[in-house]
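Asker: Next comes the structure file my_file.cif, holding mmCIF, C-alpha atoms (C1' of nucleotides).
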```
data_upload
loop_
_atom_site.label_atom_id
_atom_site.label_comp_id
_atom_site.auth_asym_id
_atom_site.auth_seq_id
_atom_site.Cartn_x
_atom_site.Cartn_y
_atom_site.Cartn_z
CA MET A 25 -8.43 -108.73 35.22
CA SER A 26 -7.81 -105.38 33.61
CA GLN A 27 -5.22 -104.02 35.93
CA GLY A 28 -2.67 -103.43 33.22
CA GLU A 29 -3.21 -100.13 31.50
CA SER A 30 -5.23 -98.46 34.22
CA GLY A 31 -2.01 -97.18 35.73
CA ILE A 32 -1.89 -94.02 37.74
CA HIS A 33 -1.42 -90.79 35.88
CA LEU A 34 1.34 -89.24 37.88
CA GLU A 35 3.42 -90.47 35.04
CA THR A 36 5.35 -87.30 34.52
CA SER A 37 6.59 -87.09 38.09
CA LEU A 38 10.10 -88.29 38.75
CA GLY A 39 9.34 -88.23 42.45
CA TYR A 40 6.43 -90.59 42.06
CA LEU A 41 8.43 -92.87 39.84
CA LEU A 42 11.25 -92.87 42.35
CA LYS A 43 8.84 -93.97 45.02
CA GLU A 44 7.45 -96.63 42.73
CA ALA A 45 10.89 -98.01 41.96
CA SER A 46 11.90 -98.03 45.58
CA SER A 47 8.67 -99.74 46.53
CA ALA A 48 9.15 -102.41 43.87
CA LEU A 49 12.70 -103.00 45.01
CA ARG A 50 11.67 -103.28 48.62
CA ALA A 51 8.89 -105.71 47.78
CA ALA A 52 11.26 -107.85 45.73
CA MET A 53 13.78 -107.86 48.56
CA GLU A 54 11.16 -108.79 51.13
CA GLU A 55 10.07 -111.62 48.90
CA VAL A 56 13.51 -113.23 48.77
CA LEU A 57 14.41 -112.41 52.38
CA ARG A 58 11.22 -113.75 53.93
CA PRO A 59 12.15 -117.42 53.38
CA LEU A 60 15.37 -116.64 55.25
CA GLY A 61 13.43 -115.18 58.17
CA MET A 62 14.89 -111.78 57.59
CA THR A 63 13.50 -108.29 57.04
CA VAL A 64 15.04 -105.62 54.85
CA THR A 65 16.21 -103.57 57.81
CA HIS A 66 17.62 -106.70 59.41
CA TYR A 67 19.59 -107.47 56.26
CA SER A 68 20.73 -103.86 55.88
CA CYS A 69 22.10 -103.90 59.40
CA LEU A 70 24.10 -107.06 58.78
CA GLU A 71 25.39 -105.84 55.44
CA LEU A 72 26.53 -102.57 56.93
CA LEU A 73 28.32 -104.36 59.73
CA ALA A 74 30.08 -106.67 57.31
CA GLN A 75 31.48 -103.79 55.33
CA ARG A 76 32.15 -101.49 58.24
CA PRO A 77 32.75 -103.45 61.43
CA GLY A 78 32.45 -101.53 64.67
CA LEU A 79 29.66 -99.24 63.60
CA SER A 80 27.57 -97.81 66.41
CA SER A 81 23.84 -98.26 66.72
CA SER A 82 23.20 -94.69 65.61
CA GLU A 83 25.49 -95.01 62.63
CA LEU A 84 23.76 -98.22 61.62
CA ALA A 85 20.44 -96.47 61.90
CA ARG A 86 21.52 -93.75 59.53
CA GLY A 87 22.88 -96.31 57.11
CA ALA A 88 19.66 -98.28 57.12
CA PHE A 89 17.44 -95.20 56.98
CA VAL A 90 15.61 -95.80 60.22
CA THR A 91 15.70 -94.01 63.58
CA ARG A 92 18.29 -95.01 66.13
CA GLN A 93 15.50 -96.21 68.40
CA SER A 94 14.36 -98.70 65.79
CA MET A 95 17.89 -99.88 65.23
CA HIS A 96 18.31 -100.19 68.98
CA VAL A 97 15.54 -102.73 69.36
CA LEU A 98 16.71 -104.58 66.26
CA LEU A 99 20.23 -104.85 67.66
CA GLN A 100 18.90 -106.19 70.96
CA HIS A 101 17.07 -108.84 68.98
CA LEU A 102 20.12 -109.70 66.90
CA GLU A 103 22.27 -109.91 70.02
CA ARG A 104 19.84 -112.38 71.57
CA GLU A 105 19.95 -114.40 68.37
CA GLY A 106 23.73 -114.39 68.45
CA GLN A 107 24.23 -112.70 65.10
CA VAL A 108 25.77 -109.56 66.54
CA THR A 109 27.97 -108.78 69.56
CA ARG A 110 28.52 -105.56 71.43
CA PRO A 111 30.78 -104.93 74.40
CA THR A 112 28.98 -104.49 77.71
CA GLU A 113 30.98 -101.33 78.36
CA ALA A 114 31.85 -98.57 75.97
CA PRO A 115 35.57 -98.44 75.06
CA VAL A 116 35.24 -94.70 74.70
CA GLY A 117 32.34 -92.41 75.47
CA LYS A 118 28.97 -94.12 75.23
CA VAL A 119 29.44 -95.65 71.80
CA LEU A 120 29.07 -99.43 71.66
CA PRO A 121 30.71 -100.74 68.49
CA ALA A 122 28.80 -103.68 67.02
CA ARG A 123 30.32 -106.62 65.19
CA LEU A 124 29.07 -109.66 63.33
CA THR A 125 29.46 -113.09 64.87
CA PRO A 126 30.26 -116.10 62.68
CA ARG A 127 26.59 -116.94 62.91
CA GLY A 128 25.67 -113.47 61.71
CA ARG A 129 28.11 -113.80 58.86
CA ARG A 130 26.52 -117.07 57.77
CA ALA A 131 23.05 -115.55 57.87
CA LEU A 132 24.29 -112.61 55.87
CA ALA A 133 25.93 -114.77 53.21
CA LYS A 134 22.64 -116.31 52.12
CA ALA A 135 20.77 -113.03 52.33
CA SER A 136 23.40 -111.12 50.43
CA ALA A 137 23.32 -113.56 47.55
CA ALA A 138 19.53 -113.35 47.42
CA VAL A 139 19.58 -109.57 47.42
CA ARG A 140 22.30 -109.54 44.81
CA SER A 141 20.10 -111.60 42.51
CA VAL A 142 17.32 -109.07 42.95
CA GLU A 143 19.62 -106.23 42.05
CA VAL A 144 20.86 -108.09 38.99
CA ARG A 145 17.27 -108.65 37.95
CA MET A 146 16.51 -104.97 38.45
CA LEU A 147 19.43 -103.92 36.27
CA ALA A 148 18.63 -106.33 33.48
CA GLY A 149 18.07 -104.42 30.26
CA MET A 150 20.36 -101.56 31.20
CA ASP A 151 23.85 -101.32 29.81
CA GLU A 152 26.88 -100.04 31.68
CA SER A 153 26.52 -96.41 30.70
CA GLU A 154 22.82 -96.32 31.47
CA GLN A 155 23.52 -97.64 34.94
CA GLU A 156 26.25 -95.05 35.38
CA ASN A 157 23.92 -92.26 34.32
CA ALA A 158 21.21 -93.48 36.65
CA PHE A 159 23.73 -93.60 39.47
CA ARG A 160 24.81 -90.03 38.90
CA ALA A 161 21.24 -88.83 38.56
CA LEU A 162 20.23 -90.39 41.87
CA GLN A 163 23.31 -88.98 43.54
CA SER A 164 22.40 -85.56 42.24
CA MET A 165 18.88 -85.86 43.63
CA VAL A 166 20.11 -86.90 47.04
CA ARG A 167 22.59 -84.05 47.13
CA SER A 168 20.00 -81.47 46.11
CA LEU A 169 17.51 -82.68 48.69
CA ARG A 170 20.06 -82.71 51.48
CA ASP A 171 21.96 -79.52 50.73
CA ASP A 172 18.92 -77.30 50.67
CA PRO A 173 17.79 -77.77 54.26
CA ALA A 174 14.22 -76.66 53.61
CA THR A 175 12.13 -73.97 52.05
CA PRO A 176 13.62 -70.71 53.29
CA MET B 9 35.35 -104.56 52.80
CA SER B 10 36.09 -108.17 52.03
CA GLN B 11 33.01 -109.05 50.13
CA GLY B 12 32.88 -111.66 47.41
CA GLU B 13 31.34 -111.50 43.98
CA SER B 14 27.96 -112.54 45.29
CA GLY B 15 27.80 -109.65 47.74
CA ILE B 16 26.58 -106.10 47.59
CA HIS B 17 28.89 -103.13 47.60
CA LEU B 18 27.02 -100.37 49.33
CA GLU B 19 29.13 -97.60 47.82
CA THR B 20 28.41 -98.66 44.25
CA SER B 21 25.02 -100.32 44.66
CA LEU B 22 22.25 -98.76 42.63
CA GLY B 23 19.74 -100.47 44.89
CA TYR B 24 21.16 -98.85 47.99
CA LEU B 25 21.34 -95.48 46.30
CA LEU B 26 17.75 -95.86 45.17
CA LYS B 27 16.70 -96.46 48.74
CA GLU B 28 18.75 -93.50 49.88
CA ALA B 29 17.17 -91.20 47.32
CA SER B 30 13.69 -92.40 48.14
CA SER B 31 14.36 -91.92 51.83
CA ALA B 32 15.63 -88.40 51.28
CA LEU B 33 12.62 -87.55 49.15
CA ARG B 34 10.23 -88.93 51.71
CA ALA B 35 11.92 -87.02 54.52
CA ALA B 36 11.76 -83.80 52.52
CA MET B 37 8.08 -84.36 51.77
CA GLU B 38 7.29 -85.11 55.39
CA GLU B 39 9.05 -81.92 56.37
CA VAL B 40 6.89 -79.71 54.17
CA LEU B 41 3.67 -81.67 54.76
CA ARG B 42 3.94 -81.75 58.55
CA PRO B 43 3.02 -78.05 58.97
CA LEU B 44 -0.10 -78.82 56.94
CA GLY B 45 -1.01 -81.70 59.25
CA MET B 46 -0.63 -84.20 56.47
CA THR B 47 1.39 -87.37 55.96
CA VAL B 48 2.87 -88.57 52.69
CA THR B 49 0.33 -91.37 52.31
CA HIS B 50 -2.46 -88.92 53.12
CA TYR B 51 -1.23 -86.57 50.42
CA SER B 52 -0.75 -89.38 47.92
CA CYS B 53 -4.32 -90.49 48.44
CA LEU B 54 -5.69 -87.01 47.80
CA GLU B 55 -3.49 -86.49 44.75
CA LEU B 56 -4.58 -89.78 43.26
CA LEU B 57 -8.23 -88.95 43.81
CA ALA B 58 -7.81 -85.55 42.19
CA GLN B 59 -6.37 -87.08 39.05
CA ARG B 60 -8.60 -90.14 38.94
CA PRO B 61 -11.90 -89.53 40.72
CA GLY B 62 -13.86 -92.61 41.68
CA LEU B 63 -10.90 -94.80 42.50
CA SER B 64 -11.62 -97.64 44.90
CA SER B 65 -9.83 -98.15 48.18
CA SER B 66 -7.79 -101.01 46.78
CA GLU B 67 -6.79 -99.04 43.71
CA LEU B 68 -5.76 -96.13 45.89
CA ALA B 69 -3.69 -98.50 47.99
CA ARG B 70 -1.80 -99.72 44.96
CA GLY B 71 -1.25 -96.18 43.78
CA ALA B 72 0.11 -95.06 47.14
CA PHE B 73 2.17 -98.23 47.61
CA VAL B 74 0.52 -99.39 50.79
CA THR B 75 -1.76 -102.32 51.56
CA ARG B 76 -5.47 -101.95 51.04
CA GLN B 77 -5.93 -102.37 54.79
CA SER B 78 -3.81 -99.31 55.45
CA MET B 79 -5.67 -97.31 52.86
CA HIS B 80 -8.93 -98.47 54.39
CA VAL B 81 -8.17 -96.92 57.76
CA LEU B 82 -6.85 -93.77 56.12
CA LEU B 83 -10.02 -93.39 54.08
CA GLN B 84 -12.18 -93.81 57.17
CA HIS B 85 -10.19 -91.01 58.78
CA LEU B 86 -10.47 -88.78 55.71
CA GLU B 87 -14.19 -89.40 55.51
CA ARG B 88 -14.62 -88.33 59.12
CA GLU B 89 -12.60 -85.21 58.37
CA GLY B 90 -14.79 -84.47 55.37
CA GLN B 91 -12.05 -84.52 52.77
CA VAL B 92 -13.35 -87.59 50.98
CA THR B 93 -16.79 -89.05 50.32
CA ARG B 94 -17.87 -92.56 49.49
CA PRO B 95 -21.35 -93.89 48.82
CA THR B 96 -22.81 -95.99 51.60
CA GLU B 97 -23.77 -98.65 49.09
CA ALA B 98 -21.77 -99.97 46.20
CA PRO B 99 -23.13 -98.93 42.78
CA VAL B 100 -21.80 -102.17 41.38
CA GLY B 101 -20.24 -105.12 43.12
CA LYS B 102 -18.52 -104.22 46.37
CA VAL B 103 -16.42 -101.37 45.04
CA LEU B 104 -16.96 -98.04 46.77
CA PRO B 105 -15.70 -95.24 44.51
CA ALA B 106 -14.12 -92.41 46.51
CA ARG B 107 -14.18 -88.74 45.60
CA LEU B 108 -12.69 -85.53 46.91
CA THR B 109 -14.91 -83.01 48.66
CA PRO B 110 -14.30 -79.28 48.20
CA ARG B 111 -12.60 -79.37 51.56
CA GLY B 112 -10.34 -82.17 50.38
CA ARG B 113 -9.53 -80.23 47.27
CA ARG B 114 -8.52 -77.22 49.31
CA ALA B 115 -6.27 -79.31 51.54
CA LEU B 116 -4.71 -80.88 48.48
CA ALA B 117 -4.02 -77.54 46.82
CA LYS B 118 -1.64 -76.41 49.56
CA ALA B 119 -0.01 -79.80 49.88
CA SER B 120 0.44 -80.19 46.18
CA ALA B 121 2.25 -76.87 45.91
CA ALA B 122 4.54 -77.82 48.77
CA VAL B 123 5.35 -81.19 47.26
CA ARG B 124 5.97 -79.65 43.87
CA SER B 125 8.53 -77.32 45.42
CA VAL B 126 10.31 -80.32 46.88
CA GLU B 127 10.39 -82.03 43.51
CA VAL B 128 11.74 -78.88 41.88
CA ARG B 129 14.45 -78.75 44.52
CA MET B 130 15.29 -82.39 43.93
CA LEU B 131 15.67 -81.83 40.20
CA ALA B 132 17.83 -78.74 40.55
CA GLY B 133 21.14 -79.30 38.83
CA MET B 134 19.75 -81.72 36.27
CA ASP B 135 18.99 -80.62 32.76
CA GLU B 136 16.11 -81.83 30.65
CA SER B 137 17.91 -84.77 29.06
CA GLU B 138 19.34 -85.96 32.36
CA GLN B 139 15.88 -85.99 33.85
CA GLU B 140 14.60 -87.89 30.86
CA ASN B 141 17.35 -90.46 31.15
CA ALA B 142 16.72 -90.90 34.85
CA PHE B 143 13.04 -91.35 34.14
CA ARG B 144 13.66 -94.07 31.60
CA ALA B 145 16.17 -95.80 33.85
CA LEU B 146 13.73 -95.92 36.76
CA GLN B 147 10.98 -97.16 34.47
CA SER B 148 13.26 -99.90 33.27
CA MET B 149 14.05 -100.97 36.83
CA VAL B 150 10.38 -101.10 37.79
CA ARG B 151 9.54 -103.14 34.71
CA SER B 152 12.35 -105.60 35.30
CA LEU B 153 11.40 -106.11 38.93
CA ARG B 154 7.74 -106.63 38.16
CA ASP B 155 7.94 -108.74 35.05
CA ASP B 156 10.19 -111.39 36.54
CA PRO B 157 7.88 -112.69 39.25
CA ALA B 158 10.69 -114.10 41.35
CA THR B 159 13.78 -116.18 41.25
CA PRO B 160 12.78 -119.54 39.79
"C1'" DG C 23 37.22 -73.71 84.60
"C1'" DG C 24 32.52 -73.64 83.00
"C1'" DG C 25 29.01 -73.15 79.63
"C1'" DT C 26 27.19 -74.77 75.24
"C1'" DG C 27 26.31 -77.84 71.51
"C1'" DT C 28 26.40 -82.26 69.41
"C1'" DG C 29 26.10 -87.15 69.44
"C1'" DT C 30 24.93 -91.24 71.78
"C1'" DG C 31 22.30 -95.17 74.35
"C1'" DT C 32 18.14 -96.12 76.33
"C1'" DC C 33 13.29 -96.24 78.07
"C1'" DA C 34 8.36 -95.41 77.33
"C1'" DG C 35 4.24 -94.78 74.78
"C1'" DT C 36 1.92 -94.24 70.44
"C1'" DC C 37 0.97 -94.82 65.75
"C1'" DT C 38 1.24 -96.59 61.36
"C1'" DT C 39 1.47 -100.38 58.57
"C1'" DC C 40 1.46 -105.06 57.91
"C1'" DT C 41 -0.17 -110.09 58.12
"C1'" DG C 42 -3.99 -113.15 58.50
"C1'" DA C 43 -8.65 -114.15 57.84
"C1'" DC C 44 -13.48 -113.96 56.39
"C1'" DA C 45 -17.50 -113.10 53.38
"C1'" DC C 46 -19.27 -111.30 49.22
"C1'" DG C 47 -19.83 -109.88 44.21
"C1'" DA C 48 -18.47 -110.53 39.40
"C1'" DG C 49 -16.51 -112.82 35.67
"C1'" DT C 50 -14.90 -117.30 33.44
"C1'" DG C 51 -15.01 -121.86 31.66
"C1'" DA C 52 -16.68 -126.46 31.82
"C1'" DT D 4 -26.14 -123.98 35.62
"C1'" DC D 5 -22.37 -124.37 38.74
"C1'" DA D 6 -17.93 -124.58 40.52
"C1'" DC D 7 -13.79 -121.77 40.46
"C1'" DT D 8 -11.01 -117.87 40.56
"C1'" DC D 9 -10.13 -113.04 41.23
"C1'" DG D 10 -10.74 -108.63 43.32
"C1'" DT D 11 -12.80 -106.24 46.95
"C1'" DG D 12 -14.26 -104.40 51.75
"C1'" DT D 13 -13.71 -105.23 56.31
"C1'" DC D 14 -12.28 -106.79 60.97
"C1'" DA D 15 -8.76 -108.21 64.39
"C1'" DG D 16 -4.17 -108.89 66.11
"C1'" DA D 17 0.88 -108.33 65.67
"C1'" DA D 18 5.02 -106.30 64.25
"C1'" DG D 19 7.70 -102.61 63.06
"C1'" DA D 20 8.81 -97.82 63.22
"C1'" DC D 21 8.27 -93.37 65.07
"C1'" DT D 22 8.03 -89.34 68.49
"C1'" DG D 23 9.29 -87.71 72.95
"C1'" DA D 24 12.24 -87.68 76.74
"C1'" DC D 25 16.20 -88.35 79.80
"C1'" DA D 26 21.09 -88.87 81.17
"C1'" DC D 27 25.63 -89.09 79.86
"C1'" DA D 28 30.18 -88.34 77.21
"C1'" DC D 29 32.93 -85.67 74.26
"C1'" DA D 30 34.56 -81.41 71.79
"C1'" DC D 31 34.61 -76.74 71.39
"C1'" DC D 32 34.96 -71.86 72.70
"C1'" DC D 33 34.33 -67.88 75.93
#
```
Can the structure in the file be given as structure tokens, please?
Answerer:
Amino acid sequence: MSQGESGIHLETSLGYLLKEASSALRAAMEEVLRPLGMTVTHYSCLELLAQRPGLSSSELARGAFVTRQSMHVLLQHLEREGQVTRPTEAPVGKVLPARLTPRGRRALAKASAAVRSVEVRMLAGMDESEQENAFRALQSMVRSLRDDPATP
Amino acid sequence: MSQGESGIHLETSLGYLLKEASSALRAAMEEVLRPLGMTVTHYSCLELLAQRPGLSSSELARGAFVTRQSMHVLLQHLEREGQVTRPTEAPVGKVLPARLTPRGRRALAKASAAVRSVEVRMLAGMDESEQENAFRALQSMVRSLRDDPATP
DNA sequence: GGGTGTGTGTCAGTCTTCTGACACGAGTGA
DNA sequence: TCACTCGTGTCAGAAGACTGACACACACCC
């Protein structure tokens, strides 16, 4: 079919392209995570916990770019599956620090390798300095969007 | 942070940063579109139709990065609201080409200005060549992710 | 002390989007 | 001509995420 060149003509918009890239990345991640019975948010949660043990549900939510309510139900699910543990009582305040179980770590290991392969594929064709420039550009965009709260 | 070579380092991961940037952009767009009673997908649909009148539901879905089922329900809603029209019978095959109504065009005008201001804000602090480099980098990522179907 | 503000965990309902499935039209190649 | 494939429109159910709301804990400042 002739789907090739009939691309959309928002081709000058960096915002649109950013969305396109993010969408392609997400799709690629879903593709490799699905055989492992894992969603992107699920994986993100585990990865965050591996690198920063003891994160709270709300902190995990921010790190995975979902609401804390969504992360809450995900954590309940992961606790039932035995991939994550949380104390029944808060050590301090109301914050319940979450941690990976050995089972969670094993699940993460496979997923992390799969995701890594996707990222490597995505970066194919870009040399070191190009990647560095892209990194700085994206950081700049995030900063600009966050710093300016809204239209005054 | 005791992650092996096969893992992902969130701090330095371009993939994670890409998701972060996309999330920030989406949040900023939602913020300015909400007062107009419009969602991001809603806006995307209108913008696509303005630039390429006669697009089918499936083509719109691809352009807005949602499934054709999602676009289908959105289009039904937009038709009821009188922002979009589609013929009751397909001129050829089963494809129903969609078009903006004057009302849709008016709604888009406001939204488009708002979204443009967000994009301008996002690009603040980047000069012409930096934007160009970022554009090429994102294009490269999209191409790499699409061309390689999956991990063999 | 007491008020205020921020951050958190949690429950409930709603909404959007997705997955799965079906039938139909058009093009392709044997 | 006829299977075969691809893209499409559409319906139905399920899953995921969101908004709204409440109570509680901590930190700050008057």
Asker: Which RMSD value, in Å, describes how well chain A fits onto chain B when all C-alpha atoms are paired in order and fitted by least squares?
Answerer: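 After superposition, the RMSD is 4.7 Å.
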Asker: Could you list the residues in chain B lying within 10 Å of chain C, using all atoms listed in the file, and format the result as an NGL selection string?
Answerer: :B and (74-75 or 77-79 or 100-103)
Asker: Write the residues of the selection above to a file with C-alpha atoms, as an mmCIF file, keeping the file's coordinate frame.
Answerer:
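Below you can see result.cif, which holds the result:
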```cif
data_model
loop_
_atom_site.group_PDB
_atom_site.id
_atom_site.type_symbol
_atom_site.label_atom_id
_atom_site.label_comp_id
_atom_site.auth_asym_id
_atom_site.auth_seq_id
_atom_site.Cartn_x
_atom_site.Cartn_y
_atom_site.Cartn_z
ATOM 1 C CA VAL B 74 0.520 -99.390 50.790
ATOM 2 C CA THR B 75 -1.760 -102.320 51.560
ATOM 3 C CA GLN B 77 -5.930 -102.370 54.790
ATOM 4 C CA SER B 78 -3.810 -99.310 55.450
ATOM 5 C CA MET B 79 -5.670 -97.310 52.860
ATOM 6 C CA VAL B 100 -21.800 -102.170 41.380
ATOM 7 C CA GLY B 101 -20.240 -105.120 43.120
ATOM 8 C CA LYS B 102 -18.520 -104.220 46.370
ATOM 9 C CA VAL B 103 -16.420 -101.370 45.040
#
```
Asker: Would you give me, as a PyMOL selection string, the residues of chain D that come within 9 Å of chain A, using all atoms listed in the file?
Answerer: chain D and resi 9-10+19-21+27-29
Asker: Please write as an mmCIF file with C-alpha atoms, in the frame of the given file the full residue list that the PyMOL selection byres ((chain A) within 6 of (chain B)) yields on this file.
Answerer:
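New file selection_18.cif:
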```cif
data_model
loop_
_atom_site.group_PDB
_atom_site.id
_atom_site.type_symbol
_atom_site.label_atom_id
_atom_site.label_comp_id
_atom_site.auth_asym_id
_atom_site.auth_seq_id
_atom_site.Cartn_x
_atom_site.Cartn_y
_atom_site.Cartn_z
ATOM 1 C CA LYS A 43 8.840 -93.970 45.020
ATOM 2 C CA ALA A 45 10.890 -98.010 41.960
ATOM 3 C CA SER A 46 11.900 -98.030 45.580
ATOM 4 C CA GLN A 75 31.480 -103.790 55.330
ATOM 5 C CA SER A 136 23.400 -111.120 50.430
ATOM 6 C CA ALA A 137 23.320 -113.560 47.550
ATOM 7 C CA MET A 146 16.510 -104.970 38.450
ATOM 8 C CA ALA A 158 21.210 -93.480 36.650
ATOM 9 C CA MET A 165 18.880 -85.860 43.630
ATOM 10 C CA VAL A 166 20.110 -86.900 47.040
ATOM 11 C CA SER A 168 20.000 -81.470 46.110
ATOM 12 C CA LEU A 169 17.510 -82.680 48.690
#
```
Asker: I'd like the box whose edges run along x, y and z of the file and which contains every listed atom of stretch 38-41 of chain B, padded by 6 Å per side; could you state its centre and edge lengths in Å, one decimal, as JSON?
Answerer:
```
{"center_x": 6.4, "center_y": -82.4, "center_z": 55.3, "size_x": 17.4, "size_y": 17.4, "size_z": 14.2}
```
Asker: Between atom CA of A:Glu113 and atom CA of A:Pro126, what is the spacing in Å?
Answerer: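 Calculated distance between atom CA of A:Pro126 and atom CA of A:Glu113 is 21.6 Å.
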Asker: Between atom CA of A:Arg127 and atom C1' of D:DA17, what is the distance in Å, rounded to a tenth?
Answerer: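 If I compute the distance from atom CA of A:Arg127 to atom C1' of D:DA17, I get 27.3 Å.
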Asker: Can you measure atom CA of B:Leu104 to atom CA of B:Ser64 for me? One decimal in Å is fine.
Answerer: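 Atom CA of B:Ser64 lies at a distance of 5.7 Å from atom CA of B:Leu104.
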Asker: Select, counting only C-alpha atoms (C1' of nucleotides), all protein, DNA and RNA residues no farther than 9 Å from (-15.2, -90.1, 48.0) in file coordinates, and express the selection as a PyMOL selection string.
Answerer: chain B and resi 57+61-64+83+87+91-95+104-109
Asker: Going by the chain IDs and residue numbers used in this file, which residues fall under the PyMOL selection byres ((chain B and resi 115) around 10)? Write them as number ranges by chain.
Answerer: B: 44-46, 51, 54, 91, 109-114, 116-120
